[in-house]
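Asks: So I've got this file, coords02.txt, and it contains compact mmCIF, N, CA and C atoms:
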```txt
# COMPACT_ATOMS: atom_id res chain seq x y z
N MET A 1 1.42 76.27 60.14
CA MET A 1 1.02 77.64 60.30
C MET A 1 1.24 78.37 58.98
N LYS A 2 0.26 79.11 58.59
CA LYS A 2 0.31 79.87 57.35
C LYS A 2 0.62 81.33 57.70
N ILE A 3 1.54 81.94 56.96
CA ILE A 3 1.89 83.34 57.16
C ILE A 3 1.63 84.09 55.86
N THR A 4 0.85 85.15 55.95
CA THR A 4 0.52 85.97 54.79
C THR A 4 0.98 87.39 55.06
N ILE A 5 1.70 87.96 54.12
CA ILE A 5 2.16 89.34 54.24
C ILE A 5 1.54 90.15 53.10
N GLU A 6 0.88 91.22 53.46
CA GLU A 6 0.23 92.07 52.46
C GLU A 6 0.77 93.48 52.55
N ALA A 7 0.90 94.13 51.41
CA ALA A 7 1.31 95.54 51.40
C ALA A 7 0.13 96.38 51.87
N LYS A 8 0.44 97.42 52.61
CA LYS A 8 -0.63 98.29 53.10
C LYS A 8 -0.73 99.53 52.22
N ALA A 9 -1.88 100.13 52.25
CA ALA A 9 -2.08 101.36 51.50
C ALA A 9 -1.36 102.51 52.19
N PRO A 10 -0.91 103.51 51.45
CA PRO A 10 -0.23 104.65 52.07
C PRO A 10 -1.11 105.30 53.13
N GLY A 11 -0.51 105.59 54.27
CA GLY A 11 -1.24 106.23 55.36
C GLY A 11 -1.90 105.27 56.33
N GLU A 12 -1.96 103.99 55.99
CA GLU A 12 -2.54 103.01 56.90
C GLU A 12 -1.51 102.60 57.95
N GLU A 13 -2.01 102.25 59.11
CA GLU A 13 -1.16 101.79 60.19
C GLU A 13 -0.81 100.32 59.96
N ASP A 14 0.43 99.92 60.38
CA ASP A 14 0.79 98.51 60.32
C ASP A 14 -0.16 97.72 61.20
N GLU A 15 -0.53 96.51 60.75
CA GLU A 15 -1.50 95.72 61.48
C GLU A 15 -1.13 94.25 61.39
N ILE A 16 -1.29 93.56 62.50
CA ILE A 16 -1.09 92.11 62.54
C ILE A 16 -2.41 91.49 62.97
N ILE A 17 -2.89 90.54 62.20
CA ILE A 17 -4.13 89.84 62.51
C ILE A 17 -3.77 88.38 62.78
N VAL A 18 -4.25 87.86 63.90
CA VAL A 18 -4.00 86.47 64.26
C VAL A 18 -5.31 85.72 64.17
N ARG A 19 -5.36 84.70 63.33
CA ARG A 19 -6.54 83.84 63.21
C ARG A 19 -6.14 82.45 63.70
N CYS A 20 -6.83 81.99 64.73
CA CYS A 20 -6.50 80.67 65.27
C CYS A 20 -7.72 80.09 65.99
N ASN A 21 -7.70 78.79 66.18
CA ASN A 21 -8.77 78.14 66.93
C ASN A 21 -8.62 78.39 68.42
N GLN A 22 -7.35 78.38 68.85
CA GLN A 22 -7.08 78.55 70.28
C GLN A 22 -5.71 79.19 70.45
N LEU A 23 -5.61 80.18 71.32
CA LEU A 23 -4.32 80.81 71.62
C LEU A 23 -3.55 79.92 72.58
N ASP A 24 -2.45 79.33 72.10
CA ASP A 24 -1.62 78.53 72.99
C ASP A 24 -0.46 79.39 73.49
N ASP A 25 0.37 78.82 74.36
CA ASP A 25 1.47 79.57 74.97
C ASP A 25 2.48 80.07 73.94
N LYS A 26 2.78 79.25 72.95
CA LYS A 26 3.77 79.67 71.93
C LYS A 26 3.26 80.86 71.12
N LEU A 27 1.99 80.83 70.78
CA LEU A 27 1.41 81.94 70.02
C LEU A 27 1.35 83.20 70.87
N MET A 28 0.99 83.06 72.14
CA MET A 28 0.97 84.22 73.05
C MET A 28 2.37 84.79 73.23
N ASN A 29 3.38 83.94 73.35
CA ASN A 29 4.76 84.41 73.47
C ASN A 29 5.17 85.19 72.23
N LEU A 30 4.76 84.72 71.07
CA LEU A 30 5.07 85.42 69.83
C LEU A 30 4.41 86.80 69.80
N ILE A 31 3.16 86.86 70.21
CA ILE A 31 2.44 88.14 70.24
C ILE A 31 3.10 89.11 71.21
N TYR A 32 3.42 88.64 72.42
CA TYR A 32 4.08 89.51 73.40
C TYR A 32 5.46 89.94 72.91
N SER A 33 6.15 89.05 72.24
CA SER A 33 7.47 89.38 71.72
C SER A 33 7.40 90.49 70.68
N ILE A 34 6.44 90.39 69.79
CA ILE A 34 6.27 91.44 68.76
C ILE A 34 5.90 92.76 69.43
N LYS A 35 4.98 92.71 70.37
CA LYS A 35 4.53 93.94 71.03
C LYS A 35 5.64 94.57 71.85
N SER A 36 6.37 93.80 72.61
CA SER A 36 7.42 94.37 73.47
C SER A 36 8.62 94.83 72.66
N GLY A 37 8.83 94.26 71.49
CA GLY A 37 9.95 94.66 70.65
C GLY A 37 9.78 96.04 70.06
N GLN A 38 8.57 96.56 70.06
CA GLN A 38 8.30 97.88 69.50
C GLN A 38 8.48 98.99 70.53
N GLU A 39 8.48 98.64 71.81
CA GLU A 39 8.58 99.63 72.87
C GLU A 39 10.02 99.73 73.34
N ASN A 40 10.54 100.93 73.36
CA ASN A 40 11.91 101.15 73.81
C ASN A 40 11.94 101.36 75.32
N ILE A 41 13.12 101.18 75.89
CA ILE A 41 13.34 101.39 77.31
C ILE A 41 14.17 102.66 77.43
N THR A 42 13.80 103.52 78.34
CA THR A 42 14.55 104.75 78.55
C THR A 42 15.68 104.47 79.53
N GLY A 43 16.91 104.70 79.07
CA GLY A 43 18.09 104.52 79.90
C GLY A 43 18.79 105.84 80.12
N TYR A 44 19.47 105.94 81.24
CA TYR A 44 20.17 107.17 81.60
C TYR A 44 21.64 106.87 81.81
N LEU A 45 22.48 107.67 81.18
CA LEU A 45 23.93 107.53 81.31
C LEU A 45 24.50 108.93 81.50
N GLU A 46 24.95 109.19 82.72
CA GLU A 46 25.43 110.52 83.10
C GLU A 46 24.34 111.54 82.81
N ASP A 47 24.56 112.48 81.90
CA ASP A 47 23.56 113.50 81.61
C ASP A 47 22.78 113.21 80.33
N LYS A 48 22.90 111.98 79.81
CA LYS A 48 22.25 111.61 78.56
C LYS A 48 21.04 110.70 78.81
N ILE A 49 20.03 110.88 77.97
CA ILE A 49 18.86 109.99 77.98
C ILE A 49 18.92 109.20 76.69
N ILE A 50 18.90 107.86 76.81
CA ILE A 50 19.11 107.00 75.66
C ILE A 50 17.95 106.01 75.55
N LYS A 51 17.45 105.83 74.33
CA LYS A 51 16.41 104.83 74.07
C LYS A 51 17.08 103.49 73.79
N LEU A 52 16.74 102.49 74.59
CA LEU A 52 17.31 101.16 74.44
C LEU A 52 16.27 100.23 73.82
N VAL A 53 16.71 99.40 72.91
CA VAL A 53 15.85 98.38 72.31
C VAL A 53 15.89 97.16 73.23
N PRO A 54 14.74 96.66 73.68
CA PRO A 54 14.72 95.55 74.64
C PRO A 54 15.55 94.34 74.21
N LYS A 55 15.53 93.96 72.93
CA LYS A 55 16.25 92.76 72.50
C LYS A 55 17.76 92.93 72.59
N GLU A 56 18.25 94.17 72.76
CA GLU A 56 19.68 94.41 72.89
C GLU A 56 20.15 94.35 74.34
N VAL A 57 19.22 94.27 75.28
CA VAL A 57 19.56 94.21 76.70
C VAL A 57 19.93 92.77 77.07
N TYR A 58 21.10 92.61 77.70
CA TYR A 58 21.52 91.29 78.16
C TYR A 58 20.83 90.94 79.47
N TYR A 59 20.84 91.88 80.41
CA TYR A 59 20.12 91.66 81.66
C TYR A 59 19.90 92.97 82.40
N PHE A 60 18.94 92.91 83.33
CA PHE A 60 18.66 94.01 84.24
C PHE A 60 19.13 93.57 85.62
N GLU A 61 19.68 94.52 86.37
CA GLU A 61 20.15 94.20 87.71
C GLU A 61 19.79 95.34 88.65
N SER A 62 19.39 94.97 89.85
CA SER A 62 19.09 95.94 90.88
C SER A 62 20.24 95.95 91.89
N VAL A 63 20.82 97.14 92.09
CA VAL A 63 21.92 97.32 93.03
C VAL A 63 21.68 98.60 93.82
N ASP A 64 21.67 98.50 95.14
CA ASP A 64 21.48 99.66 96.01
C ASP A 64 20.25 100.49 95.62
N ASN A 65 19.13 99.84 95.44
CA ASN A 65 17.86 100.47 95.08
C ASN A 65 17.88 101.22 93.75
N LYS A 66 18.80 100.87 92.88
CA LYS A 66 18.83 101.40 91.53
C LYS A 66 18.80 100.22 90.57
N THR A 67 18.19 100.41 89.40
CA THR A 67 18.09 99.35 88.41
C THR A 67 18.93 99.74 87.20
N PHE A 68 19.68 98.77 86.70
CA PHE A 68 20.57 98.99 85.57
C PHE A 68 20.27 98.00 84.45
N ALA A 69 20.41 98.47 83.21
CA ALA A 69 20.29 97.61 82.03
C ALA A 69 21.68 97.46 81.44
N TYR A 70 22.08 96.23 81.18
CA TYR A 70 23.40 95.94 80.62
C TYR A 70 23.24 95.57 79.15
N THR A 71 23.92 96.31 78.28
CA THR A 71 23.90 96.04 76.85
C THR A 71 25.33 95.89 76.37
N ALA A 72 25.50 95.58 75.09
CA ALA A 72 26.84 95.48 74.51
C ALA A 72 27.54 96.84 74.49
N LYS A 73 26.75 97.91 74.46
CA LYS A 73 27.31 99.25 74.36
C LYS A 73 27.59 99.91 75.71
N GLY A 74 26.97 99.40 76.77
CA GLY A 74 27.20 100.01 78.08
C GLY A 74 26.19 99.61 79.11
N VAL A 75 26.29 100.28 80.26
CA VAL A 75 25.40 100.05 81.38
C VAL A 75 24.60 101.33 81.61
N TYR A 76 23.28 101.19 81.67
CA TYR A 76 22.40 102.35 81.77
C TYR A 76 21.49 102.21 82.98
N GLU A 77 21.27 103.31 83.67
CA GLU A 77 20.33 103.29 84.77
C GLU A 77 18.92 103.36 84.21
N ILE A 78 18.03 102.58 84.79
CA ILE A 78 16.63 102.53 84.38
C ILE A 78 15.79 102.99 85.56
N HIS A 79 14.86 103.89 85.34
CA HIS A 79 14.03 104.40 86.43
C HIS A 79 12.78 103.56 86.62
N LYS A 80 12.98 102.26 86.73
CA LYS A 80 11.90 101.31 87.03
C LYS A 80 12.43 100.29 88.03
N LYS A 81 11.53 99.71 88.77
CA LYS A 81 11.89 98.62 89.67
C LYS A 81 11.89 97.30 88.89
N LEU A 82 12.61 96.31 89.43
CA LEU A 82 12.69 95.01 88.74
C LEU A 82 11.30 94.39 88.56
N TYR A 83 10.46 94.50 89.57
CA TYR A 83 9.13 93.88 89.45
C TYR A 83 8.32 94.54 88.33
N GLU A 84 8.54 95.83 88.08
CA GLU A 84 7.84 96.50 86.98
C GLU A 84 8.34 95.99 85.63
N ILE A 85 9.65 95.80 85.52
CA ILE A 85 10.24 95.27 84.29
C ILE A 85 9.76 93.84 84.06
N GLU A 86 9.76 93.06 85.14
CA GLU A 86 9.30 91.67 85.04
C GLU A 86 7.85 91.60 84.56
N LYS A 87 7.00 92.46 85.09
CA LYS A 87 5.59 92.49 84.70
C LYS A 87 5.43 92.96 83.26
N GLU A 88 6.20 93.98 82.87
CA GLU A 88 6.10 94.53 81.52
C GLU A 88 6.55 93.55 80.45
N TYR A 89 7.53 92.70 80.78
CA TYR A 89 8.09 91.78 79.80
C TYR A 89 7.74 90.32 80.07
N VAL A 90 6.61 90.10 80.73
CA VAL A 90 6.14 88.73 80.93
C VAL A 90 5.86 88.11 79.56
N ASN A 91 6.10 86.84 79.41
CA ASN A 91 5.90 86.11 78.15
C ASN A 91 6.81 86.59 77.03
N THR A 92 7.98 87.12 77.39
CA THR A 92 8.99 87.47 76.40
C THR A 92 10.24 86.68 76.75
N ASP A 93 11.37 87.06 76.18
CA ASP A 93 12.63 86.38 76.47
C ASP A 93 13.24 86.77 77.81
N PHE A 94 12.62 87.70 78.53
CA PHE A 94 13.15 88.11 79.83
C PHE A 94 12.61 87.23 80.93
N LEU A 95 13.50 86.85 81.86
CA LEU A 95 13.12 85.95 82.95
C LEU A 95 13.90 86.31 84.20
N ARG A 96 13.20 86.40 85.31
CA ARG A 96 13.88 86.65 86.59
C ARG A 96 14.66 85.38 86.97
N ILE A 97 15.93 85.57 87.35
CA ILE A 97 16.76 84.43 87.72
C ILE A 97 17.29 84.55 89.15
N SER A 98 17.04 85.68 89.79
CA SER A 98 17.39 85.87 91.20
C SER A 98 16.61 87.08 91.71
N LYS A 99 16.76 87.38 92.99
CA LYS A 99 16.06 88.53 93.55
C LYS A 99 16.48 89.83 92.88
N SER A 100 17.69 89.86 92.34
CA SER A 100 18.22 91.13 91.83
C SER A 100 18.51 91.14 90.33
N VAL A 101 18.20 90.04 89.60
CA VAL A 101 18.55 89.97 88.18
C VAL A 101 17.41 89.41 87.34
N ILE A 102 17.16 90.08 86.20
CA ILE A 102 16.28 89.57 85.14
C ILE A 102 17.16 89.44 83.91
N VAL A 103 17.20 88.25 83.32
CA VAL A 103 18.08 88.00 82.18
C VAL A 103 17.29 87.84 80.89
N ASN A 104 17.91 88.20 79.78
CA ASN A 104 17.35 87.96 78.45
C ASN A 104 17.84 86.58 78.03
N VAL A 105 16.97 85.58 78.04
CA VAL A 105 17.40 84.20 77.77
C VAL A 105 17.92 84.04 76.34
N ALA A 106 17.56 84.94 75.44
CA ALA A 106 18.09 84.88 74.08
C ALA A 106 19.57 85.24 74.04
N LYS A 107 20.07 85.85 75.10
CA LYS A 107 21.47 86.25 75.17
C LYS A 107 22.34 85.25 75.94
N ILE A 108 21.77 84.12 76.33
CA ILE A 108 22.53 83.10 77.07
C ILE A 108 23.28 82.22 76.08
N ALA A 109 24.60 82.12 76.28
CA ALA A 109 25.43 81.24 75.46
C ALA A 109 25.31 79.80 75.96
N TYR A 110 25.42 79.64 77.29
CA TYR A 110 25.24 78.31 77.89
C TYR A 110 24.97 78.45 79.37
N ILE A 111 24.43 77.38 79.96
CA ILE A 111 24.25 77.32 81.41
C ILE A 111 24.94 76.08 81.91
N ARG A 112 25.36 76.15 83.17
CA ARG A 112 25.98 74.98 83.79
C ARG A 112 25.65 74.98 85.27
N PRO A 113 25.52 73.78 85.85
CA PRO A 113 25.24 73.71 87.28
C PRO A 113 26.47 74.10 88.09
N ILE A 114 26.22 74.76 89.21
CA ILE A 114 27.29 75.06 90.17
C ILE A 114 26.81 74.58 91.53
N PHE A 115 27.48 74.91 92.59
CA PHE A 115 27.17 74.38 93.91
C PHE A 115 25.82 74.84 94.43
N ASN A 116 25.30 74.09 95.43
CA ASN A 116 24.03 74.40 96.12
C ASN A 116 22.82 74.48 95.19
N SER A 117 22.75 73.62 94.20
CA SER A 117 21.61 73.52 93.28
C SER A 117 21.37 74.79 92.47
N ARG A 118 22.38 75.60 92.32
CA ARG A 118 22.27 76.81 91.52
C ARG A 118 22.92 76.56 90.16
N PHE A 119 22.63 77.44 89.23
CA PHE A 119 23.22 77.36 87.90
C PHE A 119 23.95 78.67 87.61
N GLU A 120 24.85 78.58 86.65
CA GLU A 120 25.54 79.78 86.17
C GLU A 120 25.26 79.88 84.68
N ALA A 121 24.91 81.08 84.24
CA ALA A 121 24.67 81.32 82.82
C ALA A 121 25.78 82.21 82.29
N LYS A 122 26.42 81.76 81.23
CA LYS A 122 27.40 82.61 80.55
C LYS A 122 26.66 83.26 79.39
N LEU A 123 26.71 84.58 79.36
CA LEU A 123 26.02 85.32 78.32
C LEU A 123 26.90 85.49 77.10
N LYS A 124 26.32 85.89 76.01
CA LYS A 124 27.06 86.03 74.75
C LYS A 124 28.07 87.16 74.79
N ASN A 125 28.01 88.02 75.81
CA ASN A 125 29.01 89.07 75.98
C ASN A 125 30.10 88.66 76.98
N ASP A 126 30.15 87.36 77.31
CA ASP A 126 31.13 86.74 78.21
C ASP A 126 30.92 87.05 79.69
N GLU A 127 29.85 87.74 80.05
CA GLU A 127 29.54 87.94 81.46
C GLU A 127 28.85 86.69 81.99
N LYS A 128 28.97 86.51 83.30
CA LYS A 128 28.33 85.37 83.95
C LYS A 128 27.36 85.88 85.00
N VAL A 129 26.18 85.22 85.06
CA VAL A 129 25.18 85.54 86.07
C VAL A 129 24.77 84.24 86.74
N VAL A 130 24.45 84.33 88.02
CA VAL A 130 24.07 83.15 88.80
C VAL A 130 22.55 83.05 88.86
N ILE A 131 22.06 81.84 88.62
CA ILE A 131 20.62 81.57 88.68
C ILE A 131 20.34 80.92 90.03
N SER A 132 19.56 81.59 90.86
CA SER A 132 19.23 81.07 92.18
C SER A 132 18.41 79.80 92.04
N ARG A 133 18.54 78.92 93.01
CA ARG A 133 17.90 77.60 92.90
C ARG A 133 16.38 77.69 92.78
N GLN A 134 15.75 78.71 93.41
CA GLN A 134 14.28 78.80 93.31
C GLN A 134 13.81 79.22 91.92
N TYR A 135 14.73 79.70 91.06
CA TYR A 135 14.36 80.12 89.70
C TYR A 135 14.83 79.13 88.63
N VAL A 136 15.52 78.08 89.02
CA VAL A 136 16.04 77.11 88.05
C VAL A 136 14.91 76.43 87.28
N ALA A 137 13.84 76.06 87.97
CA ALA A 137 12.71 75.40 87.31
C ALA A 137 12.08 76.31 86.26
N ASP A 138 11.94 77.61 86.58
CA ASP A 138 11.39 78.56 85.62
C ASP A 138 12.27 78.67 84.39
N LEU A 139 13.58 78.68 84.61
CA LEU A 139 14.52 78.77 83.48
C LEU A 139 14.42 77.53 82.61
N LYS A 140 14.38 76.35 83.22
CA LYS A 140 14.26 75.11 82.45
C LYS A 140 12.98 75.10 81.62
N LYS A 141 11.89 75.58 82.22
CA LYS A 141 10.62 75.64 81.49
C LYS A 141 10.73 76.62 80.32
N LYS A 142 11.33 77.78 80.55
CA LYS A 142 11.47 78.79 79.51
C LYS A 142 12.33 78.28 78.35
N LEU A 143 13.40 77.53 78.69
CA LEU A 143 14.31 77.00 77.66
C LEU A 143 13.82 75.66 77.12
N GLU A 144 12.73 75.15 77.68
CA GLU A 144 12.15 73.86 77.28
C GLU A 144 13.17 72.73 77.40
N ILE A 145 13.83 72.68 78.57
CA ILE A 145 14.77 71.57 78.86
C ILE A 145 14.34 70.82 80.10
```
Show me, as structure tokens, the structure contained in the file I just sent.
Replies:
Amino acid sequence: MKITIEAKAPGEEDEIIVRCNQLDDKLMNLIYSIKSGQENITGYLEDKIIKLVPKEVYYFESVDNKTFAYTAKGVYEIHKKLYEIEKEYVNTDFLRISKSVIVNVAKIAYIRPIFNSRFEAKLKNDEKVVISRQYVADLKKKLEI
């Protein structure tokens, strides 16, 4: 793969051009990753509204009909449903691992099997999340294992 970087003229918008014979999954994942990395997530903490960078989110969790984003800096309420987040970040590092959790696979330190065909993922912030057995195959595919 050849990568060319050119300086733009003042006032021009940043632009990425992809030239290829065929868009494969890896190239599409790269495109979605670049696009989703530019969009911030609005988080709420008490009376504050905070812009969160998606790559800084460890995982999203739904509890009592509220959705939360967990980052190294704190836990923020998100005014979106999990299915909306899942749809918005399809083909990125985010992956649903249970009915109530979407994890950022780039933040996984390691995974290990636990009872009943489920797995446990230890995140880089030392938190642990359980991967339901119906999502294990998706995780293996995403991690290419």
Asks: Give me the residues near A:Ser117 as a list in words, where near means some atom within 7 Å (using all atoms listed in the file) and where sequence neighbours in that chain fewer than 6 positions away do not count.
Replies: Ile131, Ser132, Arg133 and Gln134 of chain A
Asks: Between A:Cys20, A:Lys8, A:Tyr58, A:Asn29, which one has atoms that come closest to A:Asn91, using all atoms listed in the file?
Replies: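 The answer is A:Asn29, which sits nearest to A:Asn91.
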Asks: I'd like the contact shell of A:Lys107 - 6 Å cut-off, all atoms listed in the file, skipping same-chain residues fewer than 3 positions apart - returned as a PDB file with N, CA and C atoms, keeping the file's coordinate frame.
Replies:
```pdb
ATOM      1  N   TYR A  58      21.100  92.610  77.700  1.00  0.00           N
ATOM      2  CA  TYR A  58      21.520  91.290  78.160  1.00  0.00           C
ATOM      3  C   TYR A  58      20.830  90.940  79.470  1.00  0.00           C
ATOM      4  N   ASN A 104      17.910  88.200  79.780  1.00  0.00           N
ATOM      5  CA  ASN A 104      17.350  87.960  78.450  1.00  0.00           C
ATOM      6  C   ASN A 104      17.840  86.580  78.030  1.00  0.00           C
ATOM      7  N   LYS A 122      26.420  81.760  81.230  1.00  0.00           N
ATOM      8  CA  LYS A 122      27.400  82.610  80.550  1.00  0.00           C
ATOM      9  C   LYS A 122      26.660  83.260  79.390  1.00  0.00           C
ATOM     10  N   LEU A 123      26.710  84.580  79.360  1.00  0.00           N
ATOM     11  CA  LEU A 123      26.020  85.320  78.320  1.00  0.00           C
ATOM     12  C   LEU A 123      26.900  85.490  77.100  1.00  0.00           C
ATOM     13  N   LYS A 124      26.320  85.890  76.010  1.00  0.00           N
ATOM     14  CA  LYS A 124      27.060  86.030  74.750  1.00  0.00           C
ATOM     15  C   LYS A 124      28.070  87.160  74.790  1.00  0.00           C
TER      16      LYS A 124
END
```
Asks: Might you pull out every residue within 5 Å of A:Phe119, with all atoms listed in the file counted and same-chain residues fewer than 6 positions away left off, and present them as a VMD selection string?
Replies: chain A and resid 112 to 113 130 to 131
Asks: Using all atoms listed in the file, which residue out of A:Glu88, A:Lys81, A:Tyr135, A:Glu144 lies closest to A:Asn65?
Replies: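 Counting all atoms listed in the file, the residue closest to A:Asn65 is A:Lys81.
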Asks: Please measure the separation of atom C of A:Thr4 and atom N of A:Val90, giving the value in Å to one decimal.
Replies: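 Separating atom C of A:Thr4 from atom N of A:Val90 is a distance of 26.4 Å.
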Asks: Starting from the incomplete input, reconstruct N, CA, C and O atoms of stretch 79-101 of chain A and write that as a PDB file, in the frame of the given file.
Replies:
```pdb
ATOM      1  N   HIS A  79      14.860 103.890  85.340  1.00  0.00           N
ATOM      2  CA  HIS A  79      14.030 104.400  86.430  1.00  0.00           C
ATOM      3  C   HIS A  79      12.780 103.560  86.620  1.00  0.00           C
ATOM      4  O   HIS A  79      11.656 104.079  86.616  1.00  0.00           O
ATOM      5  N   LYS A  80      12.980 102.260  86.730  1.00  0.00           N
ATOM      6  CA  LYS A  80      11.900 101.310  87.030  1.00  0.00           C
ATOM      7  C   LYS A  80      12.430 100.290  88.030  1.00  0.00           C
ATOM      8  O   LYS A  80      13.626 100.032  88.088  1.00  0.00           O
ATOM      9  N   LYS A  81      11.530  99.710  88.770  1.00  0.00           N
ATOM     10  CA  LYS A  81      11.890  98.620  89.670  1.00  0.00           C
ATOM     11  C   LYS A  81      11.890  97.300  88.890  1.00  0.00           C
ATOM     12  O   LYS A  81      11.237  97.182  87.856  1.00  0.00           O
ATOM     13  N   LEU A  82      12.610  96.310  89.430  1.00  0.00           N
ATOM     14  CA  LEU A  82      12.690  95.010  88.740  1.00  0.00           C
ATOM     15  C   LEU A  82      11.300  94.390  88.560  1.00  0.00           C
ATOM     16  O   LEU A  82      11.014  93.807  87.517  1.00  0.00           O
ATOM     17  N   TYR A  83      10.460  94.500  89.570  1.00  0.00           N
ATOM     18  CA  TYR A  83       9.130  93.880  89.450  1.00  0.00           C
ATOM     19  C   TYR A  83       8.320  94.540  88.330  1.00  0.00           C
ATOM     20  O   TYR A  83       7.500  93.883  87.692  1.00  0.00           O
ATOM     21  N   GLU A  84       8.540  95.830  88.080  1.00  0.00           N
ATOM     22  CA  GLU A  84       7.840  96.500  86.980  1.00  0.00           C
ATOM     23  C   GLU A  84       8.340  95.990  85.630  1.00  0.00           C
ATOM     24  O   GLU A  84       7.554  95.778  84.711  1.00  0.00           O
ATOM     25  N   ILE A  85       9.650  95.800  85.520  1.00  0.00           N
ATOM     26  CA  ILE A  85      10.240  95.270  84.290  1.00  0.00           C
ATOM     27  C   ILE A  85       9.760  93.840  84.060  1.00  0.00           C
ATOM     28  O   ILE A  85       9.373  93.470  82.960  1.00  0.00           O
ATOM     29  N   GLU A  86       9.760  93.060  85.140  1.00  0.00           N
ATOM     30  CA  GLU A  86       9.300  91.670  85.040  1.00  0.00           C
ATOM     31  C   GLU A  86       7.850  91.600  84.560  1.00  0.00           C
ATOM     32  O   GLU A  86       7.504  90.802  83.680  1.00  0.00           O
ATOM     33  N   LYS A  87       7.000  92.460  85.090  1.00  0.00           N
ATOM     34  CA  LYS A  87       5.590  92.490  84.700  1.00  0.00           C
ATOM     35  C   LYS A  87       5.430  92.960  83.260  1.00  0.00           C
ATOM     36  O   LYS A  87       4.631  92.406  82.492  1.00  0.00           O
ATOM     37  N   GLU A  88       6.200  93.980  82.870  1.00  0.00           N
ATOM     38  CA  GLU A  88       6.100  94.530  81.520  1.00  0.00           C
ATOM     39  C   GLU A  88       6.550  93.550  80.450  1.00  0.00           C
ATOM     40  O   GLU A  88       6.032  93.534  79.344  1.00  0.00           O
ATOM     41  N   TYR A  89       7.530  92.700  80.780  1.00  0.00           N
ATOM     42  CA  TYR A  89       8.090  91.780  79.800  1.00  0.00           C
ATOM     43  C   TYR A  89       7.740  90.320  80.070  1.00  0.00           C
ATOM     44  O   TYR A  89       8.475  89.422  79.674  1.00  0.00           O
ATOM     45  N   VAL A  90       6.610  90.100  80.730  1.00  0.00           N
ATOM     46  CA  VAL A  90       6.140  88.730  80.930  1.00  0.00           C
ATOM     47  C   VAL A  90       5.860  88.110  79.560  1.00  0.00           C
ATOM     48  O   VAL A  90       5.493  88.804  78.619  1.00  0.00           O
ATOM     49  N   ASN A  91       6.100  86.840  79.410  1.00  0.00           N
ATOM     50  CA  ASN A  91       5.900  86.110  78.150  1.00  0.00           C
ATOM     51  C   ASN A  91       6.810  86.590  77.030  1.00  0.00           C
ATOM     52  O   ASN A  91       6.455  86.522  75.865  1.00  0.00           O
ATOM     53  N   THR A  92       7.980  87.120  77.390  1.00  0.00           N
ATOM     54  CA  THR A  92       8.990  87.470  76.400  1.00  0.00           C
ATOM     55  C   THR A  92      10.240  86.680  76.750  1.00  0.00           C
ATOM     56  O   THR A  92      10.196  85.753  77.553  1.00  0.00           O
ATOM     57  N   ASP A  93      11.370  87.060  76.180  1.00  0.00           N
ATOM     58  CA  ASP A  93      12.630  86.380  76.470  1.00  0.00           C
ATOM     59  C   ASP A  93      13.240  86.770  77.810  1.00  0.00           C
ATOM     60  O   ASP A  93      14.274  86.252  78.200  1.00  0.00           O
ATOM     61  N   PHE A  94      12.620  87.700  78.530  1.00  0.00           N
ATOM     62  CA  PHE A  94      13.150  88.110  79.830  1.00  0.00           C
ATOM     63  C   PHE A  94      12.610  87.230  80.930  1.00  0.00           C
ATOM     64  O   PHE A  94      11.421  86.905  80.955  1.00  0.00           O
ATOM     65  N   LEU A  95      13.500  86.850  81.860  1.00  0.00           N
ATOM     66  CA  LEU A  95      13.120  85.950  82.950  1.00  0.00           C
ATOM     67  C   LEU A  95      13.900  86.310  84.200  1.00  0.00           C
ATOM     68  O   LEU A  95      15.123  86.505  84.144  1.00  0.00           O
ATOM     69  N   ARG A  96      13.200  86.400  85.310  1.00  0.00           N
ATOM     70  CA  ARG A  96      13.880  86.650  86.590  1.00  0.00           C
ATOM     71  C   ARG A  96      14.660  85.380  86.970  1.00  0.00           C
ATOM     72  O   ARG A  96      14.121  84.285  86.919  1.00  0.00           O
ATOM     73  N   ILE A  97      15.930  85.570  87.350  1.00  0.00           N
ATOM     74  CA  ILE A  97      16.760  84.430  87.720  1.00  0.00           C
ATOM     75  C   ILE A  97      17.290  84.550  89.150  1.00  0.00           C
ATOM     76  O   ILE A  97      17.906  83.612  89.665  1.00  0.00           O
ATOM     77  N   SER A  98      17.040  85.680  89.790  1.00  0.00           N
ATOM     78  CA  SER A  98      17.390  85.870  91.200  1.00  0.00           C
ATOM     79  C   SER A  98      16.610  87.080  91.710  1.00  0.00           C
ATOM     80  O   SER A  98      15.912  87.744  90.953  1.00  0.00           O
ATOM     81  N   LYS A  99      16.760  87.380  92.990  1.00  0.00           N
ATOM     82  CA  LYS A  99      16.060  88.530  93.550  1.00  0.00           C
ATOM     83  C   LYS A  99      16.480  89.830  92.880  1.00  0.00           C
ATOM     84  O   LYS A  99      15.719  90.782  92.830  1.00  0.00           O
ATOM     85  N   SER A 100      17.690  89.860  92.340  1.00  0.00           N
ATOM     86  CA  SER A 100      18.220  91.130  91.830  1.00  0.00           C
ATOM     87  C   SER A 100      18.510  91.140  90.330  1.00  0.00           C
ATOM     88  O   SER A 100      19.012  92.136  89.818  1.00  0.00           O
ATOM     89  N   VAL A 101      18.200  90.040  89.600  1.00  0.00           N
ATOM     90  CA  VAL A 101      18.550  89.970  88.180  1.00  0.00           C
ATOM     91  C   VAL A 101      17.410  89.410  87.340  1.00  0.00           C
ATOM     92  O   VAL A 101      16.790  88.403  87.693  1.00  0.00           O
TER      93      VAL A 101
END
```
